[in-house]
Amino acid sequence: MTESETPPRKTKGPPSAVKNWIGVAPFLLFAFFFLIFPSLQLLVGSFTTEEGKFTLVHILELFTEPYILNAYELSIQISAVTALGGGLFGFLLAYSVTAGGLPKRVRSALITFSGVASNFAGVPLAFAFVATLGRTGFVTAILKNIFHINIYDTGFNLYSFAGLSLTYMYFQFPLMVLIMAPALDGLKREWREAAENLGASSLQYWLRVALPVLMPSILGAMILLFGNSFGAYATAYALTGGTLPIITIQVGAQIRGDVLHNPNLGYAMAMGMVFIMAVSLAGYSWLQAKTERWLR
Amino acid sequence: MSVASRIRKFPFWSWLWFILGALYFILPLYATLDFSLRMERGAIGFKAYREAFADLEFLETFGYSTLLAVMTIIVSVTLIVPTAYWIRLRLPEARRLVEFITLLPFVVPAIILVFGLIRVYSSPLEIPFTEIQIGTPLTMLNIGRFHLGTNILIVAGYVVLALPYMYRSVDTGMRTVDVRTLTEAAQSLGASWYTIIVKVILPNVRSALLSGALLTFAIVVGEVVLASFLGIPAFGPYLFLLGQHRAYEPSALTFTTFLITWAAMGIIQLVTGGQGQTAGAH
């Protein structure tokens with residue numbers, strides 16, 4: 001973000017600084033009332049007892065209450081699996097259409113489709129996967145009739161960890177493609193030529209030149225994918241009906257009816273999610289800043 | 001060397017990955033389409049679509065969601081365009097703060113946002129650490145049978161969810177036009193601030209606005225978290241409930257939703273020349 005901002009010229013007399021801030025006041029007020037204040041209320045709630053006194057008990061309980069701990073663990077596992085899987089697959093795809101020698105039209109088709117798929121989530125996505133990999137799904141039937149493999153006999157179940165992960169992958173790897181394609185474009189042809197002139201093999205070029213340059217942006221993108229599935233609620237709810245106790249599902253149950261029998265612990269559970277999301281976004285922007293040194 | 005160059009001549013692996021990716025994209029859609037066309041035993045037909053579209057509740061909820069999307073777009077444009085404009089023109093020092101706020105929805109996912117909104121607005125506002133309560137809760141604010149307060153809340157929530165996309169769109173749009181010169185030219189011709197924004201700035205960022213609006217539309221129309229927790233009769237919760245006791249109609253609507261998303265993204269691609277979603281790809 002290096003934009004050359006010319007210093008503000010004064011067009012209509014000397015406006016005071018305070019007067020200028022009035023211009024963004026509606027936006028700031030809106031953000032305060034409908035985003036910041038509600039979040040702060042949850043934050044305050046997680047540090048207070050029901051009588052309104054300050055406490056750290058709820059924060060400590062996050063680490064001892066098995067119900068909450070399991071939910072976090074499951075969410076982190078699913079997010080990590082889909083971030084790694086989606087990240088790897090998305091990277092290979094992005095590589096195929098940038099440096100991989102596929103025609104240009106294939107590339108724009110892939111980018112357009114990725115734009116659609118990364119925005120195709122929630123209830124419709126869950127239904128689409130039921131039609132595909134459910135007990136009577138399209139792919140399930142093909143595998144059974146043509147290859148004589150009944151995936152439900154092998155222990156696979158769409159309404160489980162594996163099934164939800166496969167479903168999340170549908171919006172995960174397209175997002176990776178959208179982030180990595182521009183980054184891969186940043187790899188300069190000269191680097192490869194220089195490496196080859198010095199006698200490097202293709203493998204050496206990748207291990208010693210390309211991957212080190214790309215690494216921050218790959219890691220950053222994977223962190224973004226992690227957050228992307230960590231916060232997802234609708235897809236999981238529509239697919240599993242709330243039987244897979246990931247953290248968003250448990251927060252939802254808490255909103256519907258205080259299942260923890262402690263509203264303040266519920267706020268703490270929500271804040272724990274915000275904390276994890278904030279750490280991953282911070283990690284992403286830090287790595288993104290590192291990337292920009294090379295890939296401009 | 002020779003192996004490597006031959007591989008580069010016919011990109012076998014690239015095609016393999018691409019075909020795998022294409023299958024992952026297409027199979028679920030094909031499966032949904034295939035299933036939705038088989039409502040009549042032994043025949044392929046659009047019966048599920050006819051039945052789904054004829055359902056009065058579908059028309060009501062889909063209309064409602066469309067209306068919510070339009071309201072969300074109007075509110076976010078009136079909120080974000082003047083803000084982004086003002087930051088470019090007069091207040092560059094507010095840029096970091098505003099950009100930070102527009103990234104917050106990535107940190108506060110929908111389920112947490114609705115939790116916070118319910119906590120704050122479903123009870124009278126209480127000043128912290130006291131028991132003084134002010135006003136009636138927003139969710140109780142009704143005009144006749146119309147739940148005005150809840151509707152204000154959900155549109156506000158949707159504006160928040162769309163904030164990162166809308167702001168980025170508008171800001172990118174303004175980067176390409178010389179806001180300062182346009183403003184000075186308009187001012188020297190005696191235009192008011194209202195005229196400048198509505199007649200000069202808005203037309204110049206219209207393709208950015210269109211892509212932001214379409215993305216917002218795609219987000220809002222199928223949204224289910226805010227709508228179901230706030231008890232709004234929108235399309236998302238309707239589709240979810242339909243899926244509980246019907247088989248073919250939900251598939252028909254799922255495929256339709258996909259087509260809507262596809263149309264929205266396709267138009268974005270057209271108006272921005274591929275710059276819309278890849279954010280900075282050259």
# chains A, B, ... in the order shown; residues from 1 in each chain; ligands from 1
>>> interface_residues(of="chain A", to="chain B", cutoff="6 Å", atoms="only C-alpha atoms", output="list in words")
Pro8, Val24, Phe27, Pro38, Ser39, Leu93, Ser96, Gly100, Gly101, Val116, Pro124, Ala128, Phe129, Ala131, Thr132, Phe138, Leu178, Pro182, Gly231, Val274, Met277 and Ala278 of chain A
>>> write_last_selection(atoms="N, CA and C atoms", output="compact mmCIF listing (two decimals), in the first residue's frame")
# COMPACT_ATOMS: atom_id res chain seq x y z
N PRO A 8 -3.34 17.38 1.71
CA PRO A 8 -4.62 18.01 1.41
C PRO A 8 -4.47 19.52 1.17
N VAL A 24 -16.37 11.88 8.40
CA VAL A 24 -16.39 10.42 8.55
C VAL A 24 -17.18 9.98 9.78
N PHE A 27 -19.99 7.21 9.41
CA PHE A 27 -19.42 5.87 9.29
C PHE A 27 -18.93 5.36 10.63
N PRO A 38 -21.37 -3.80 20.17
CA PRO A 38 -21.81 -5.17 20.46
C PRO A 38 -20.65 -6.11 20.78
N SER A 39 -19.53 -5.97 20.04
CA SER A 39 -18.38 -6.83 20.33
C SER A 39 -17.81 -6.51 21.70
N LEU A 93 -3.37 -25.79 -8.30
CA LEU A 93 -4.24 -25.29 -9.36
C LEU A 93 -3.77 -23.93 -9.86
N SER A 96 -0.80 -24.37 -11.92
CA SER A 96 -1.10 -24.92 -13.25
C SER A 96 -1.50 -23.84 -14.24
N GLY A 100 2.23 -23.00 -15.14
CA GLY A 100 2.16 -24.40 -15.53
C GLY A 100 1.94 -24.67 -17.00
N GLY A 101 1.80 -23.62 -17.80
CA GLY A 101 1.74 -23.81 -19.24
C GLY A 101 0.36 -24.12 -19.80
N VAL A 116 -16.85 -17.59 -8.02
CA VAL A 116 -18.20 -18.06 -7.69
C VAL A 116 -18.15 -19.04 -6.52
N PRO A 124 -27.12 -23.78 0.70
CA PRO A 124 -27.06 -24.40 -0.64
C PRO A 124 -25.86 -25.32 -0.80
N ALA A 128 -25.96 -29.24 -1.79
CA ALA A 128 -25.26 -29.74 -2.98
C ALA A 128 -24.41 -30.95 -2.62
N PHE A 129 -23.78 -30.92 -1.45
CA PHE A 129 -22.94 -32.04 -1.06
C PHE A 129 -23.76 -33.25 -0.62
N ALA A 131 -26.48 -34.05 -2.12
CA ALA A 131 -26.84 -34.64 -3.42
C ALA A 131 -25.66 -35.35 -4.06
N THR A 132 -24.44 -35.00 -3.63
CA THR A 132 -23.25 -35.59 -4.24
C THR A 132 -22.74 -36.80 -3.47
N PHE A 138 -25.02 -38.69 -5.86
CA PHE A 138 -24.60 -38.97 -7.24
C PHE A 138 -23.27 -39.73 -7.28
N LEU A 178 -7.58 -17.75 -5.80
CA LEU A 178 -7.72 -16.31 -5.99
C LEU A 178 -6.57 -15.54 -5.36
N PRO A 182 -2.27 -14.21 -8.36
CA PRO A 182 -1.48 -12.99 -8.51
C PRO A 182 -0.07 -13.13 -7.96
N GLY A 231 -14.73 -19.60 11.23
CA GLY A 231 -15.91 -18.81 11.54
C GLY A 231 -17.19 -19.30 10.89
N VAL A 274 -13.16 -14.85 18.67
CA VAL A 274 -12.69 -13.58 18.12
C VAL A 274 -11.17 -13.49 18.28
N MET A 277 -9.53 -15.63 15.66
CA MET A 277 -9.67 -14.99 14.35
C MET A 277 -8.72 -13.79 14.24
N ALA A 278 -8.61 -13.03 15.32
CA ALA A 278 -7.75 -11.84 15.29
C ALA A 278 -6.30 -12.24 15.12
>>> closest_residue(among="B:Ala52, B:Val179, B:Ala213, B:Val200", to="Leu242 (chain B)", atoms="only C-alpha atoms")
B:Ala52
>>> residues_around(residues="Tyr64 (chain B)", least_positions_apart="5", cutoff="10 Å", atoms="only C-alpha atoms", output="CSV table (one decimal) with C-alpha atoms, in the first residue's frame")
chain,number,residue,atom,x,y,z
B,58,PHE,CA,-40.8,-19.1,-1.5
B,59,LEU,CA,-42.0,-16.0,-3.2
B,69,ALA,CA,-30.4,-6.9,-0.1
B,70,VAL,CA,-31.5,-3.7,-1.8
B,221,VAL,CA,-29.8,-13.3,-0.5
B,232,ILE,CA,-36.5,-12.8,10.0
B,233,PRO,CA,-38.6,-14.6,7.4
B,234,ALA,CA,-35.8,-14.6,4.8
B,235,PHE,CA,-34.9,-17.0,2.0
>>> closest_residue(among="A:Gly122, A:Gly155, A:Gly220, A:Gly137", to="Ala83 (chain A)", atoms="only C-alpha atoms")
A:Gly220
>>> select_by_dssp(residues="region 35-118 of chain B", states="helix (DSSP H, G or I)", output="count of residues only")
69
>>> residues_around(residues="Gly227 (chain A)", least_positions_apart="6", cutoff="8 Å", atoms="only C-alpha atoms", output="ChimeraX atom specification")
/A:79,277,280-281
>>> residues_around(residues="Leu209 (chain B)", least_positions_apart="4", cutoff="12 Å", atoms="only C-alpha atoms", output="number ranges by chain")
B: 73-74, 76-78, 80-81, 165-174, 201-205, 213-217, 268, 271-272, 276
>>> decode(residues="region 49-65 of chain A", atoms="N, CA and C atoms", output="PDB file, in the first residue's frame")
ATOM      1  N   THR A  49     -18.886 -11.149  36.359  1.00  0.00           N
ATOM      2  CA  THR A  49     -19.778 -12.149  36.939  1.00  0.00           C
ATOM      3  C   THR A  49     -21.206 -11.713  36.637  1.00  0.00           C
ATOM      4  N   GLU A  50     -22.158 -12.581  36.989  1.00  0.00           N
ATOM      5  CA  GLU A  50     -23.554 -12.218  36.719  1.00  0.00           C
ATOM      6  C   GLU A  50     -23.989 -11.014  37.547  1.00  0.00           C
ATOM      7  N   GLU A  51     -23.274 -10.759  38.628  1.00  0.00           N
ATOM      8  CA  GLU A  51     -23.615  -9.586  39.430  1.00  0.00           C
ATOM      9  C   GLU A  51     -22.918  -8.332  38.907  1.00  0.00           C
ATOM     10  N   GLY A  52     -22.087  -8.508  37.864  1.00  0.00           N
ATOM     11  CA  GLY A  52     -21.456  -7.341  37.262  1.00  0.00           C
ATOM     12  C   GLY A  52     -20.091  -7.004  37.826  1.00  0.00           C
ATOM     13  N   LYS A  53     -19.489  -7.950  38.556  1.00  0.00           N
ATOM     14  CA  LYS A  53     -18.148  -7.684  39.089  1.00  0.00           C
ATOM     15  C   LYS A  53     -17.093  -8.283  38.161  1.00  0.00           C
ATOM     16  N   PHE A  54     -15.901  -7.682  38.172  1.00  0.00           N
ATOM     17  CA  PHE A  54     -14.812  -8.155  37.318  1.00  0.00           C
ATOM     18  C   PHE A  54     -14.355  -9.555  37.750  1.00  0.00           C
ATOM     19  N   THR A  55     -14.097 -10.422  36.747  1.00  0.00           N
ATOM     20  CA  THR A  55     -13.604 -11.758  37.074  1.00  0.00           C
ATOM     21  C   THR A  55     -12.824 -12.353  35.900  1.00  0.00           C
ATOM     22  N   LEU A  56     -11.915 -13.266  36.218  1.00  0.00           N
ATOM     23  CA  LEU A  56     -11.195 -13.985  35.174  1.00  0.00           C
ATOM     24  C   LEU A  56     -11.648 -15.439  35.088  1.00  0.00           C
ATOM     25  N   VAL A  57     -12.628 -15.781  35.936  1.00  0.00           N
ATOM     26  CA  VAL A  57     -13.059 -17.170  36.062  1.00  0.00           C
ATOM     27  C   VAL A  57     -13.508 -17.754  34.720  1.00  0.00           C
ATOM     28  N   HIS A  58     -14.287 -16.953  33.951  1.00  0.00           N
ATOM     29  CA  HIS A  58     -14.827 -17.483  32.688  1.00  0.00           C
ATOM     30  C   HIS A  58     -13.720 -17.767  31.685  1.00  0.00           C
ATOM     31  N   ILE A  59     -12.708 -16.900  31.680  1.00  0.00           N
ATOM     32  CA  ILE A  59     -11.594 -17.117  30.761  1.00  0.00           C
ATOM     33  C   ILE A  59     -10.867 -18.408  31.127  1.00  0.00           C
ATOM     34  N   LEU A  60     -10.676 -18.621  32.444  1.00  0.00           N
ATOM     35  CA  LEU A  60     -10.018 -19.853  32.892  1.00  0.00           C
ATOM     36  C   LEU A  60     -10.875 -21.073  32.576  1.00  0.00           C
ATOM     37  N   GLU A  61     -12.180 -20.906  32.722  1.00  0.00           N
ATOM     38  CA  GLU A  61     -13.087 -22.034  32.449  1.00  0.00           C
ATOM     39  C   GLU A  61     -13.032 -22.492  30.993  1.00  0.00           C
ATOM     40  N   LEU A  62     -12.680 -21.564  30.084  1.00  0.00           N
ATOM     41  CA  LEU A  62     -12.557 -21.943  28.671  1.00  0.00           C
ATOM     42  C   LEU A  62     -11.562 -23.086  28.513  1.00  0.00           C
ATOM     43  N   PHE A  63     -10.554 -23.107  29.393  1.00  0.00           N
ATOM     44  CA  PHE A  63      -9.494 -24.107  29.273  1.00  0.00           C
ATOM     45  C   PHE A  63      -9.758 -25.351  30.114  1.00  0.00           C
ATOM     46  N   THR A  64     -10.808 -25.324  30.929  1.00  0.00           N
ATOM     47  CA  THR A  64     -11.060 -26.482  31.784  1.00  0.00           C
ATOM     48  C   THR A  64     -12.382 -27.172  31.468  1.00  0.00           C
ATOM     49  N   GLU A  65     -13.349 -26.414  30.953  1.00  0.00           N
ATOM     50  CA  GLU A  65     -14.669 -26.982  30.653  1.00  0.00           C
ATOM     51  C   GLU A  65     -14.581 -27.858  29.400  1.00  0.00           C
TER      52      GLU A  65
END
